[in-house]
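So this block is entry.tsv, TSV, C-alpha atoms and all ligand atoms:
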chain	number	residue	atom	x	y	z
A	657	MET	CA	116.14	109.30	83.43
A	658	SER	CA	114.31	109.97	86.68
A	659	GLN	CA	115.66	108.19	89.76
A	660	THR	CA	112.26	107.52	91.34
A	661	LYS	CA	111.72	103.76	91.60
A	662	VAL	CA	110.67	102.15	88.36
A	663	LEU	CA	108.20	99.31	88.86
A	664	LEU	CA	108.71	96.38	86.49
A	665	VAL	CA	106.08	93.65	86.67
A	666	ALA	CA	107.02	90.42	84.90
A	667	ASN	CA	103.89	88.63	83.74
A	668	TRP	CA	105.19	85.16	82.87
A	669	LYS	CA	101.76	83.91	81.77
A	670	MET	CA	101.93	80.12	81.10
A	671	TYR	CA	105.74	80.14	80.73
A	672	PRO	CA	108.35	78.75	81.32
A	673	GLN	CA	107.67	75.03	81.14
A	674	THR	CA	109.81	73.86	84.06
A	675	ILE	CA	110.58	74.99	87.59
A	676	GLU	CA	114.31	74.84	86.76
A	677	GLU	CA	113.88	77.42	84.01
A	678	ALA	CA	111.73	79.56	86.28
A	679	ARG	CA	114.40	79.48	88.99
A	680	ALA	CA	117.11	80.32	86.48
A	681	ILE	CA	115.30	83.45	85.28
A	682	SER	CA	114.54	84.63	88.79
A	683	ARG	CA	118.16	84.04	89.90
A	684	ARG	CA	119.41	86.06	86.95
A	685	VAL	CA	117.01	88.90	87.71
A	686	ASP	CA	118.14	88.85	91.33
A	687	SER	CA	121.80	89.09	90.44
A	688	LEU	CA	121.21	91.97	88.01
A	689	LEU	CA	119.09	93.89	90.48
A	690	LYS	CA	121.88	93.94	93.05
A	691	HIS	CA	123.41	96.73	91.01
A	692	VAL	CA	120.20	98.64	90.32
A	693	LYS	CA	118.96	100.84	93.12
A	694	HIS	CA	115.95	102.54	91.58
A	695	MET	CA	113.96	99.51	90.42
A	696	ARG	CA	111.27	97.37	92.03
A	697	PHE	CA	110.88	94.08	90.17
A	698	VAL	CA	107.85	91.85	90.66
A	699	ILE	CA	107.84	88.37	89.15
A	700	CYS	CA	104.38	86.92	88.53
A	701	PRO	CA	105.08	83.24	87.78
A	702	PRO	CA	102.52	80.56	86.98
A	703	ALA	CA	100.69	79.68	90.20
A	704	VAL	CA	102.36	76.28	90.53
A	705	PHE	CA	105.77	77.99	90.76
A	706	LEU	CA	104.64	80.78	93.06
A	707	ALA	CA	105.68	79.33	96.43
A	708	ASP	CA	109.06	78.14	95.14
A	709	ILE	CA	109.97	81.44	93.48
A	710	ALA	CA	108.68	83.43	96.46
A	711	ARG	CA	110.76	81.34	98.90
A	712	ALA	CA	113.94	81.91	96.92
A	713	ALA	CA	113.12	85.60	96.48
A	714	ALA	CA	112.50	86.03	100.21
A	715	LYS	CA	116.05	84.85	100.97
A	716	LYS	CA	117.60	87.44	98.68
A	717	LYS	CA	115.09	90.18	99.56
A	718	ILE	CA	115.38	91.84	96.17
A	719	VAL	CA	112.76	90.45	93.81
A	720	LEU	CA	109.12	90.59	94.85
A	721	VAL	CA	106.53	88.07	93.77
A	722	GLY	CA	102.97	88.45	92.52
A	723	VAL	CA	100.12	86.22	91.46
A	724	GLN	CA	98.72	86.38	87.91
A	725	HIS	CA	95.11	85.73	88.82
A	726	ILE	CA	92.94	85.43	91.93
A	727	HIS	CA	89.34	84.47	92.56
A	728	ALA	CA	86.87	87.14	93.61
A	729	GLU	CA	85.81	85.22	96.72
A	730	LEU	CA	87.65	84.51	99.94
A	731	GLU	CA	87.26	80.72	99.59
A	732	GLY	CA	84.82	78.17	98.23
A	733	ALA	CA	84.19	75.20	95.97
A	734	HIS	CA	85.98	76.62	92.91
A	735	THR	CA	88.07	73.90	91.30
A	736	GLY	CA	91.37	75.14	89.96
A	737	GLU	CA	91.06	78.64	91.39
A	738	ILE	CA	93.38	80.46	93.80
A	739	SER	CA	92.37	82.86	96.54
A	740	ALA	CA	94.17	86.09	97.30
A	741	GLY	CA	94.82	84.87	100.85
A	742	GLN	CA	96.42	81.63	99.59
A	743	ALA	CA	98.70	83.58	97.27
A	744	HIS	CA	99.66	85.92	100.12
A	745	SER	CA	100.36	83.01	102.46
A	746	VAL	CA	103.07	81.64	100.14
A	747	GLY	CA	104.74	85.01	99.67
A	748	ALA	CA	102.91	86.90	96.91
A	749	ARG	CA	102.69	90.63	97.52
A	750	TYR	CA	101.08	91.76	94.27
A	751	ALA	CA	98.15	90.47	92.20
A	752	ILE	CA	97.49	91.14	88.53
A	753	VAL	CA	93.77	91.78	88.17
A	754	GLY	CA	91.65	92.23	85.05
A	755	HIS	CA	94.35	91.30	82.54
A	756	ALA	CA	93.02	91.43	78.96
A	757	GLU	CA	93.55	87.67	78.65
A	758	ARG	CA	91.24	87.12	81.64
A	759	ARG	CA	88.72	89.67	80.38
A	760	ALA	CA	88.71	87.79	77.05
A	761	LEU	CA	87.55	84.72	79.02
A	762	GLY	CA	84.55	86.68	80.24
A	763	GLU	CA	85.77	88.57	83.32
A	764	THR	CA	83.61	91.67	83.78
A	765	ASN	CA	84.45	95.04	85.33
A	766	ILE	CA	82.29	94.10	88.32
A	767	GLU	CA	84.29	90.89	88.92
A	768	THR	CA	87.52	92.79	88.46
A	769	GLY	CA	86.33	95.25	91.10
A	770	LYS	CA	85.64	92.39	93.55
A	771	LYS	CA	89.12	90.97	92.93
A	772	VAL	CA	90.78	94.34	93.49
A	773	PHE	CA	88.96	94.54	96.82
A	774	MET	CA	89.87	90.95	97.71
A	775	ALA	CA	93.54	91.56	96.89
A	776	LEU	CA	93.69	94.60	99.15
A	777	THR	CA	91.84	92.85	101.96
A	778	SER	CA	94.37	89.98	101.80
A	779	GLY	CA	97.45	92.22	101.89
A	780	LEU	CA	98.21	92.12	98.15
A	781	THR	CA	98.77	95.21	96.01
A	782	PRO	CA	96.39	94.92	93.05
A	783	ILE	CA	97.71	95.75	89.59
A	784	LEU	CA	94.50	96.71	87.84
A	785	CYS	CA	94.86	96.20	84.08
A	786	VAL	CA	92.84	98.42	81.79
A	787	GLY	CA	92.90	99.03	78.06
A	788	GLU	CA	90.77	99.41	74.99
A	789	LYS	CA	90.36	96.77	72.29
A	790	GLU	CA	90.48	99.40	69.56
A	791	ARG	CA	90.45	103.16	69.08
A	792	ASP	CA	87.34	104.62	67.50
A	793	SER	CA	87.19	108.08	65.94
A	794	GLN	CA	84.47	109.26	68.37
A	795	GLY	CA	86.77	108.68	71.32
A	796	LEU	CA	84.49	106.10	72.99
A	797	PHE	CA	87.59	104.12	73.97
A	798	LEU	CA	88.36	106.83	76.52
A	799	LYS	CA	85.08	106.09	78.26
A	800	THR	CA	85.78	102.32	78.10
A	801	VAL	CA	89.03	102.78	80.01
A	802	ALA	CA	87.53	105.31	82.47
A	803	THR	CA	84.76	102.80	83.28
A	804	GLN	CA	87.26	99.97	83.74
A	805	ILE	CA	88.98	102.17	86.32
A	806	THR	CA	85.94	103.42	88.22
A	807	GLU	CA	84.24	99.99	88.29
A	808	GLY	CA	87.54	98.27	89.03
A	809	MET	CA	88.09	100.58	92.01
A	810	SER	CA	84.48	100.90	93.09
A	811	LEU	CA	84.82	98.71	96.20
A	812	VAL	CA	88.17	100.09	97.33
A	813	PRO	CA	87.83	101.92	100.65
A	814	GLN	CA	89.01	105.51	100.50
A	815	HIS	CA	92.13	104.94	102.62
A	816	HIS	CA	93.27	102.13	100.28
A	817	ARG	CA	92.82	103.95	96.97
A	818	GLY	CA	96.44	105.05	96.75
A	819	ARG	CA	97.53	101.39	97.09
A	820	VAL	CA	96.19	100.33	93.70
A	821	VAL	CA	98.57	100.17	90.73
A	822	ILE	CA	97.04	100.74	87.28
A	823	ALA	CA	98.55	99.14	84.18
A	824	TYR	CA	97.41	100.56	80.87
A	825	GLU	CA	97.60	97.80	78.27
A	826	PRO	CA	95.88	98.49	74.95
A	827	VAL	CA	94.67	95.03	73.93
A	828	TYR	CA	96.06	95.34	70.38
A	829	ALA	CA	99.56	96.01	71.78
A	830	ILE	CA	99.75	92.78	73.83
A	831	GLY	CA	101.85	90.31	71.87
A	832	ALA	CA	102.39	92.88	69.07
A	833	PRO	CA	105.84	93.50	67.52
A	834	LYS	CA	106.04	96.99	69.05
A	835	PRO	CA	104.03	99.39	71.21
A	836	PRO	CA	101.67	101.93	69.65
A	837	GLN	CA	102.78	105.53	69.04
A	838	GLU	CA	104.18	107.17	72.13
A	839	SER	CA	101.70	110.05	71.80
A	840	GLU	CA	98.79	107.59	72.01
A	841	ILE	CA	100.16	106.03	75.19
A	842	HIS	CA	100.91	109.43	76.68
A	843	HIS	CA	97.42	110.68	75.89
A	844	MET	CA	95.82	107.71	77.64
A	845	ILE	CA	98.09	107.96	80.67
A	846	LEU	CA	96.98	111.58	81.06
A	847	ALA	CA	93.34	110.56	80.57
A	848	ILE	CA	93.75	107.94	83.34
A	849	ARG	CA	95.22	110.56	85.69
A	850	LYS	CA	92.31	112.83	84.87
A	851	THR	CA	89.77	110.09	85.64
A	852	LEU	CA	91.49	109.41	88.96
A	853	THR	CA	91.63	113.12	89.82
A	854	GLN	CA	87.99	113.74	88.93
A	855	THR	CA	86.73	110.64	90.73
A	856	TYR	CA	88.96	110.41	93.80
A	857	GLY	CA	90.81	113.72	94.06
A	858	ALA	CA	94.31	114.91	93.29
A	859	SER	CA	96.13	113.18	96.14
A	860	VAL	CA	94.86	109.70	95.19
A	861	ALA	CA	95.64	110.43	91.53
A	862	ARG	CA	99.20	111.40	92.48
A	863	ASN	CA	99.76	108.25	94.55
A	864	VAL	CA	98.48	105.62	92.11
A	865	PRO	CA	101.44	104.35	90.06
A	866	LEU	CA	100.68	104.13	86.35
A	867	LEU	CA	102.32	101.42	84.26
A	868	TYR	CA	102.26	100.72	80.56
A	869	GLY	CA	102.13	97.18	79.11
A	870	GLY	CA	102.19	95.74	75.59
A	871	ALA	CA	105.31	94.86	73.58
A	872	VAL	CA	107.68	96.40	76.13
A	873	ASP	CA	111.34	95.48	75.66
A	874	ALA	CA	114.84	96.90	76.06
A	875	THR	CA	114.31	99.19	73.07
A	876	SER	CA	110.89	100.62	73.86
A	877	ALA	CA	111.08	100.83	77.69
A	878	PRO	CA	113.79	103.50	78.13
A	879	GLN	CA	112.26	105.67	75.40
A	880	LEU	CA	108.78	105.46	76.88
A	881	LEU	CA	110.03	106.19	80.38
A	882	HIS	CA	112.01	109.15	79.16
A	883	ASN	CA	109.27	110.66	77.01
A	884	ILE	CA	106.26	109.99	79.25
A	885	PRO	CA	107.14	111.50	82.63
A	886	GLU	CA	103.89	110.33	84.25
A	887	LEU	CA	104.84	106.69	83.66
A	888	GLN	CA	106.20	104.77	86.68
A	889	GLY	CA	106.98	101.44	85.09
A	890	PHE	CA	105.88	98.55	82.92
A	891	LEU	CA	103.95	95.31	82.84
A	892	VAL	CA	106.04	93.01	80.67
A	893	GLY	CA	105.09	89.71	79.08
A	894	ARG	CA	107.42	88.11	76.52
A	895	ALA	CA	110.53	90.12	77.37
A	896	SER	CA	110.30	89.06	81.02
A	897	VAL	CA	110.40	85.30	80.53
A	898	ASP	CA	113.42	85.09	78.25
A	899	ILE	CA	116.66	85.37	80.23
A	900	GLN	CA	118.50	87.42	77.62
A	901	LYS	CA	115.61	89.79	76.85
A	902	CYS	CA	114.88	90.23	80.54
A	903	SER	CA	118.54	91.04	81.30
A	904	ASP	CA	118.61	93.52	78.41
A	905	LEU	CA	115.44	95.15	79.70
A	906	ILE	CA	116.79	95.60	83.24
A	907	GLN	CA	120.09	96.92	81.90
A	908	SER	CA	118.34	99.31	79.53
A	909	LEU	CA	116.68	100.95	82.54
A	910	SER	CA	119.73	100.94	84.80
A	1001	LIG	P1	103.76	91.40	75.99
A	1001	LIG	O1	102.55	91.12	77.02
A	1001	LIG	O2	104.81	92.19	76.73
A	1001	LIG	O3	104.22	90.05	75.57
A	1001	LIG	O4	103.17	92.20	74.85
A	1001	LIG	C1	102.19	92.08	77.97
A	1001	LIG	C2	101.07	91.57	78.85
A	1001	LIG	O5	100.19	90.85	78.38
A	1001	LIG	O6	101.03	91.88	80.06
Please rewrite the model in this file as structure tokens.
Amino acid sequence: MSQTKVLLVANWKMYPQTIEEARAISRRVDSLLKHVKHMRFVICPPAVFLADIARAAAKKKIVLVGVQHIHAELEGAHTGEISAGQAHSVGARYAIVGHAERRALGETNIETGKKVFMALTSGLTPILCVGEKERDSQGLFLKTVATQITEGMSLVPQHHRGRVVIAYEPVYAIGAPKPPQESEIHHMILAIRKTLTQTYGASVARNVPLLYGGAVDATSAPQLLHNIPELQGFLVGRASVDIQKCSDLIQSLS
């Protein structure tokens, strides 16, 4: 396995139910990571736990913290929303943007693009999620993902383009029992690189880390990382919020 840093992003979604459980998972991750040199681990807890988890993480300086969702504007009368600057001020360093579960609520590529810009402007590294809902035989899904990338990155100034992380998450793989065929993931990862190269040039394409997400666990992660050399890590849902599964996942990549 390559010794370049693997980026693991834990998307906790609306779990766990208590701050005690959240602290317990993050403590466990911290203690496991002490022995793993080549991994960067970002916990994206529910927003109400963000400051607490970030404070604890800052003491240990191992785990990083991200926000699951930000608003496209700097501030405003938006009940229940969180700004990128607020998330940054309590210790978040990453922001998941354009997750399929947010797109399903109506988030458009244009809004995603504004959020990517807002994240960067506020000092957060955006994790731009892209992925098709289904694969059609004409290959239109390739265009869907290419458009999600170009519209998602359309407001990013040239000098910031290498700071965006892209997570490829085919919608049908999120919450599924296992990931799709490796060849399908590999094909799309190469297509994403090609889109980045054609749109922004080879050096940007080289610098943008590409993650895969959807049913990642201790069984699938090491195989995917081994067989898809262009992959730099994973966006993980279920397996990141269960102490045992999360420990197994970290150990499987150690
Ligand atoms: P999953 O979710 O790992 O539970 O499939 C991934 C995601 O939605 O980011």
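Identified as lying at most 8 Å from ligand LIG 1001 (chain A) when counting all atoms listed in the file are the residues A:Ala666, A:Asn667, A:Lys669, A:His755, A:Ala756, A:Glu757, A:Glu825, A:Ala829, A:Ile830, A:Gly831, A:Ala832, A:Pro833, A:Gly869, A:Gly870, A:Ala871, A:Val872, A:Asp873, A:Leu891, A:Val892, A:Gly893, A:Arg894, A:Ala895, A:Ser896.
Nearest to Pro701 in chain A of all the residues A:Thr851, A:Ser745, A:Thr674, A:Thr764 is A:Thr674, based on only C-alpha atoms.
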Near range 861-866 of chain A, 12 Å: range 693-800 of chain A residue rows, closest pairs, all atoms listed in the file, as a Markdown table:
| residue | atom | partner | partner_atom | distance |
| --- | --- | --- | --- | --- |
| A:Thr781 | CA | A:Val864 | CA | 11.1 |
| A:Pro782 | CA | A:Val864 | CA | 10.9 |
| A:Ile783 | CA | A:Pro865 | CA | 9.4 |
| A:Leu784 | CA | A:Leu866 | CA | 9.8 |
| A:Cys785 | CA | A:Leu866 | CA | 10.1 |
| A:Val786 | CA | A:Leu866 | CA | 10.7 |
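We find CA of Val821 in chain A and CA of Arg749 in chain A to be spaced 12.4 Å apart.
Proximity to Ser908 in chain A was assessed for A:Ser876, A:Gln888, A:Thr800, A:Asn883 counting all atoms listed in the file; the smallest distance is recorded for A:Ser876.
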Selected residue, from A:Ala714, A:Ile675, A:Ile906, A:Met670, that lies nearest to Pro702 in chain A when counting all atoms listed in the file: A:Met670
Near-Ser687 in chain A list (10 Å; all atoms listed in the file; drop same-chain fewer than 4 positions) as a ChimeraX atom specification: /A:682-683,691-692,716,718-719,903
Limited to C-alpha atoms, could you put the picked residues into a file as a PDB file, keeping the file's coordinate frame?
ATOM      1  CA  SER A 682     114.540  84.630  88.790  1.00  0.00           C
ATOM      2  CA  ARG A 683     118.160  84.040  89.900  1.00  0.00           C
ATOM      3  CA  HIS A 691     123.410  96.730  91.010  1.00  0.00           C
ATOM      4  CA  VAL A 692     120.200  98.640  90.320  1.00  0.00           C
ATOM      5  CA  LYS A 716     117.600  87.440  98.680  1.00  0.00           C
ATOM      6  CA  ILE A 718     115.380  91.840  96.170  1.00  0.00           C
ATOM      7  CA  VAL A 719     112.760  90.450  93.810  1.00  0.00           C
ATOM      8  CA  SER A 903     118.540  91.040  81.300  1.00  0.00           C
TER       9      SER A 903
END
Some atoms are absent from range 764-775 of chain A, so rebuild all heavy atoms and return them as a tab-separated table (two decimals), keeping the file's coordinate frame.
chain	number	residue	atom	x	y	z
A	764	THR	N	84.26	90.36	83.94
A	764	THR	CA	83.61	91.67	83.78
A	764	THR	C	84.27	92.71	84.69
A	764	THR	O	85.00	92.36	85.63
A	764	THR	CB	82.13	91.57	84.18
A	764	THR	OG1	82.07	91.21	85.58
A	764	THR	CG2	81.39	90.53	83.36
A	765	ASN	N	83.94	93.98	84.46
A	765	ASN	CA	84.45	95.04	85.33
A	765	ASN	C	84.01	94.83	86.78
A	765	ASN	O	84.76	95.13	87.71
A	765	ASN	CB	83.91	96.41	84.86
A	765	ASN	CG	84.64	96.91	83.64
A	765	ASN	OD1	85.78	96.49	83.36
A	765	ASN	ND2	84.00	97.79	82.90
A	766	ILE	N	82.81	94.31	86.95
A	766	ILE	CA	82.29	94.10	88.32
A	766	ILE	C	83.14	93.03	89.02
A	766	ILE	O	83.54	93.20	90.18
A	766	ILE	CB	80.81	93.65	88.27
A	766	ILE	CG1	79.95	94.68	87.52
A	766	ILE	CG2	80.25	93.35	89.65
A	766	ILE	CD1	79.83	96.02	88.19
A	767	GLU	N	83.44	91.94	88.31
A	767	GLU	CA	84.29	90.89	88.92
A	767	GLU	C	85.69	91.42	89.20
A	767	GLU	O	86.28	91.13	90.25
A	767	GLU	CB	84.38	89.68	87.97
A	767	GLU	CG	83.15	88.80	88.05
A	767	GLU	CD	83.02	87.87	86.85
A	767	GLU	OE1	83.71	88.10	85.83
A	767	GLU	OE2	82.24	86.93	86.94
A	768	THR	N	86.19	92.19	88.26
A	768	THR	CA	87.52	92.79	88.46
A	768	THR	C	87.51	93.63	89.73
A	768	THR	O	88.44	93.57	90.54
A	768	THR	CB	87.90	93.63	87.23
A	768	THR	OG1	87.96	92.77	86.10
A	768	THR	CG2	89.25	94.30	87.39
A	769	GLY	N	86.44	94.41	89.91
A	769	GLY	CA	86.33	95.25	91.10
A	769	GLY	C	86.34	94.41	92.38
A	769	GLY	O	86.99	94.77	93.37
A	770	LYS	N	85.66	93.26	92.36
A	770	LYS	CA	85.64	92.39	93.55
A	770	LYS	C	87.05	91.85	93.83
A	770	LYS	O	87.47	91.68	94.97
A	770	LYS	CB	84.68	91.22	93.34
A	770	LYS	CG	83.23	91.64	93.37
A	770	LYS	CD	82.35	90.39	93.26
A	770	LYS	CE	80.89	90.78	93.11
A	770	LYS	NZ	80.09	89.70	92.56
A	771	LYS	N	87.77	91.52	92.75
A	771	LYS	CA	89.12	90.97	92.93
A	771	LYS	C	90.10	92.03	93.46
A	771	LYS	O	90.96	91.72	94.27
A	771	LYS	CB	89.63	90.41	91.59
A	771	LYS	CG	88.86	89.18	91.17
A	771	LYS	CD	89.33	88.66	89.84
A	771	LYS	CE	88.44	87.49	89.43
A	771	LYS	NZ	88.96	86.79	88.25
A	772	VAL	N	89.93	93.25	92.97
A	772	VAL	CA	90.78	94.34	93.49
A	772	VAL	C	90.56	94.47	95.00
A	772	VAL	O	91.51	94.56	95.78
A	772	VAL	CB	90.46	95.68	92.76
A	772	VAL	CG1	91.08	96.87	93.49
A	772	VAL	CG2	90.95	95.63	91.31
A	773	PHE	N	89.30	94.44	95.39
A	773	PHE	CA	88.96	94.54	96.82
A	773	PHE	C	89.56	93.36	97.60
A	773	PHE	O	90.16	93.52	98.65
A	773	PHE	CB	87.43	94.58	96.98
A	773	PHE	CG	86.99	94.55	98.41
A	773	PHE	CD1	87.10	95.68	99.21
A	773	PHE	CD2	86.49	93.38	98.97
A	773	PHE	CE1	86.70	95.64	100.54
A	773	PHE	CE2	86.10	93.33	100.30
A	773	PHE	CZ	86.21	94.47	101.09
A	774	MET	N	89.39	92.15	97.04
A	774	MET	CA	89.87	90.95	97.71
A	774	MET	C	91.39	90.98	97.85
A	774	MET	O	91.94	90.59	98.88
A	774	MET	CB	89.43	89.71	96.90
A	774	MET	CG	89.55	88.41	97.64
A	774	MET	SD	88.83	88.42	99.28
A	774	MET	CE	87.10	88.41	98.89
A	775	ALA	N	92.08	91.45	96.83
A	775	ALA	CA	93.54	91.56	96.89
A	775	ALA	C	93.94	92.47	98.05
A	775	ALA	O	94.74	92.09	98.91
A	775	ALA	CB	94.09	92.10	95.56
